[in-house]
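Participant: Before I ask anything, let me first share the structure, which is written out below as structure tokens.
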Amino acid sequence: MVGVHIDDMAAAASNSTEMALLIHDLQKVLDLIDMGDIKWFLGMEITHDHAARTVTLSQTMYINMITHRFNMQDSHPVLTPLDTSIVLSKDLCPKDDKARQHMKSTPYLATVGPLMYASMATRPDITYATNKLSQFSADPGTGHWTTVQWVI
């Protein structure tokens with residue numbers, strides 16, 4: 001299996017002989033540098049426990065980058081990313097131009113996008129919340145923005 005993103009590539013094979021053959025074949029057609037076992041790929045930290053035969057993916061650094069980028073590093077974790085008592089609807093969208101203008105200064109889309117990536121890669125627990133929040137991308141209100149801050 002080979003995953004490629006622009007100029008980065010990760011490959012996996014069922015055994016070391018197949019991996020060596022894959023690397024050899026790819027080096028015939030690509031300027032390939034074998035950097036050994038993968039440690040990072042697309043913002044994910046990858047750790048191997050060969051004895052336990054496990055691979056662990058983590059986006060701790062990516063999540064920390066998001067919280068710092070939007071000055072939310074002092075956010076407090078919650079058990080449920082989207083409280084069941086919160087109903088996200090169009091009723092929370094801005095009602096007038098002043099409110100809409102205020103929301104243009106919030107980084108709503110710039111925050112929801114990275115959260116969606118994290119939810120798809122390593123944080124399935126926030127997938128429902130980010131999916132609901134993305135539905136209001138065209139006209140988010142302050143209630144939507146407050147919910148984004150809870151998800152982070």
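Each chain in the structure tokens gets a letter, A, B and so on, in the order shown; residues start at 1 in every chain, and ligands are counted from 1 in the order they appear.
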Identify, on the basis of only C-alpha atoms, every residue whose closest approach to Leu115 of chain A does not exceed 10 Å; exclude the query and any residue fewer than 2 positions from it along the same chain; express the result as a VMD selection string.

Facilitator: chain A and resid 62 to 63 66 109 to 113 117 to 121 123 126 to 127 129 to 131 134 148 151 to 152

Participant: Looking only at strand (DSSP E or B) from DSSP on the backbone, list the matching residues of segment 1-132 of chain A as a list in words.

Facilitator: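 Matching residues, listed in order: Val2, Gly3, Val4, His5, Asp8, Met9, Ala10, Ala11, Trp40, Phe41, Met44, Glu45, Ile46, Thr47, His48, Asp49, Thr54, Val55, Thr56, Leu57 and Ser58 of chain A.
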
Participant: Residues of the last selection are to be written out with N, CA, C and O atoms, as an mmCIF file, in the first residue's frame.

Facilitator:
```
data_model
loop_
_atom_site.group_PDB
_atom_site.id
_atom_site.type_symbol
_atom_site.label_atom_id
_atom_site.label_comp_id
_atom_site.auth_asym_id
_atom_site.auth_seq_id
_atom_site.Cartn_x
_atom_site.Cartn_y
_atom_site.Cartn_z
ATOM 1 N N VAL A 2 0.561 2.189 -0.838
ATOM 2 C CA VAL A 2 1.352 3.404 -0.952
ATOM 3 C C VAL A 2 0.412 4.595 -0.870
ATOM 4 O O VAL A 2 -0.596 4.650 -1.565
ATOM 5 N N GLY A 3 0.752 5.553 0.023
ATOM 6 C CA GLY A 3 0.012 6.801 0.127
ATOM 7 C C GLY A 3 0.919 7.937 -0.289
ATOM 8 O O GLY A 3 2.053 8.027 0.179
ATOM 9 N N VAL A 4 0.455 8.788 -1.198
ATOM 10 C CA VAL A 4 1.276 9.882 -1.699
ATOM 11 C C VAL A 4 0.529 11.194 -1.512
ATOM 12 O O VAL A 4 -0.670 11.286 -1.775
ATOM 13 N N HIS A 5 1.250 12.198 -1.027
ATOM 14 C CA HIS A 5 0.702 13.543 -0.915
ATOM 15 C C HIS A 5 1.788 14.509 -1.366
ATOM 16 O O HIS A 5 2.795 14.686 -0.687
ATOM 17 N N ASP A 8 5.500 13.832 -0.561
ATOM 18 C CA ASP A 8 5.686 12.894 0.546
ATOM 19 C C ASP A 8 4.991 11.586 0.204
ATOM 20 O O ASP A 8 3.944 11.569 -0.423
ATOM 21 N N MET A 9 5.603 10.499 0.634
ATOM 22 C CA MET A 9 5.035 9.195 0.344
ATOM 23 C C MET A 9 5.222 8.292 1.551
ATOM 24 O O MET A 9 6.247 8.355 2.231
ATOM 25 N N ALA A 10 4.225 7.488 1.821
ATOM 26 C CA ALA A 10 4.326 6.466 2.856
ATOM 27 C C ALA A 10 3.957 5.139 2.203
ATOM 28 O O ALA A 10 3.049 5.078 1.376
ATOM 29 N N ALA A 11 4.672 4.098 2.553
ATOM 30 C CA ALA A 11 4.404 2.794 1.964
ATOM 31 C C ALA A 11 4.363 1.744 3.056
ATOM 32 O O ALA A 11 5.049 1.864 4.076
ATOM 33 N N TRP A 40 6.035 10.734 11.003
ATOM 34 C CA TRP A 40 5.059 11.807 10.773
ATOM 35 C C TRP A 40 4.537 11.686 9.359
ATOM 36 O O TRP A 40 5.301 11.415 8.435
ATOM 37 N N PHE A 41 3.244 11.933 9.166
ATOM 38 C CA PHE A 41 2.671 11.967 7.832
ATOM 39 C C PHE A 41 1.383 12.780 7.879
ATOM 40 O O PHE A 41 0.489 12.477 8.668
ATOM 41 N N MET A 44 0.138 13.870 11.230
ATOM 42 C CA MET A 44 -0.117 12.815 12.206
ATOM 43 C C MET A 44 1.196 12.210 12.675
ATOM 44 O O MET A 44 2.068 11.912 11.860
ATOM 45 N N GLU A 45 1.308 12.031 13.985
ATOM 46 C CA GLU A 45 2.451 11.313 14.540
ATOM 47 C C GLU A 45 2.107 9.834 14.502
ATOM 48 O O GLU A 45 1.009 9.430 14.889
ATOM 49 N N ILE A 46 3.047 9.046 14.027
ATOM 50 C CA ILE A 46 2.817 7.613 13.886
ATOM 51 C C ILE A 46 3.847 6.872 14.729
ATOM 52 O O ILE A 46 5.047 7.084 14.575
ATOM 53 N N THR A 47 3.362 6.046 15.636
ATOM 54 C CA THR A 47 4.264 5.241 16.467
ATOM 55 C C THR A 47 3.961 3.764 16.245
ATOM 56 O O THR A 47 2.807 3.374 16.080
ATOM 57 N N HIS A 48 5.025 2.991 16.236
ATOM 58 C CA HIS A 48 4.914 1.543 16.021
ATOM 59 C C HIS A 48 5.315 0.826 17.294
ATOM 60 O O HIS A 48 6.294 1.199 17.925
ATOM 61 N N ASP A 49 4.598 -0.200 17.628
ATOM 62 C CA ASP A 49 5.013 -1.125 18.673
ATOM 63 C C ASP A 49 5.101 -2.482 17.981
ATOM 64 O O ASP A 49 4.101 -3.181 17.828
ATOM 65 N N THR A 54 1.223 -3.148 16.733
ATOM 66 C CA THR A 54 0.242 -2.068 16.670
ATOM 67 C C THR A 54 0.867 -0.818 16.054
ATOM 68 O O THR A 54 2.078 -0.615 16.128
ATOM 69 N N VAL A 55 0.023 -0.012 15.468
ATOM 70 C CA VAL A 55 0.393 1.293 14.941
ATOM 71 C C VAL A 55 -0.587 2.287 15.554
ATOM 72 O O VAL A 55 -1.793 2.060 15.552
ATOM 73 N N THR A 56 -0.054 3.387 16.086
ATOM 74 C CA THR A 56 -0.887 4.399 16.726
ATOM 75 C C THR A 56 -0.738 5.720 15.992
ATOM 76 O O THR A 56 0.374 6.137 15.680
ATOM 77 N N LEU A 57 -1.869 6.355 15.709
ATOM 78 C CA LEU A 57 -1.884 7.669 15.070
ATOM 79 C C LEU A 57 -2.289 8.702 16.108
ATOM 80 O O LEU A 57 -3.213 8.481 16.879
ATOM 81 N N SER A 58 -1.609 9.835 16.102
ATOM 82 C CA SER A 58 -1.928 10.911 17.035
ATOM 83 C C SER A 58 -1.794 12.245 16.322
ATOM 84 O O SER A 58 -0.883 12.450 15.530
#
```

Participant: Can you check which residues of chain A DSSP gives as helix (DSSP H, G or I) on the backbone and send them as a VMD selection string?

Facilitator: chain A and resid 16 to 29 60 to 69 90 to 92 97 to 104 108 to 121 124 to 134 142 to 151

Participant: If we count only C-alpha atoms and set the cut-off at 12 Å, which residues sit around Asn71 of chain A, ignoring sequence neighbours fewer than 3 positions away in its own chain? Please answer as a ChimeraX atom specification.

Facilitator: /A:64-68,74-75,106-107,111,149,152

Participant: Expressed in Å to a single decimal, how great is the separation between atom CA of Glu18 of chain A and atom CA of Asp31 of chain A?

Facilitator: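 Distance reported for this atom pair: 19.5 Å.
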
Participant: Looking at A:Thr146, A:Lys98, A:Lys132, A:Ala13, which one is nearest to Met72 of chain A, with distances taken over only C-alpha atoms?

Facilitator: A:Thr146

Participant: Using only C-alpha atoms, which residue out of A:Met35, A:Ala51, A:Val78, A:Val29 lies closest to Trp150 of chain A?

Facilitator: A:Val78

Participant: Excluding Pro94 of chain A and its own-chain neighbours fewer than 6 positions away, which residues fall within 9 Å of it when counting only C-alpha atoms? Please give them as a PyMOL selection string.

Facilitator: chain A and resi 100-101+103+139-142
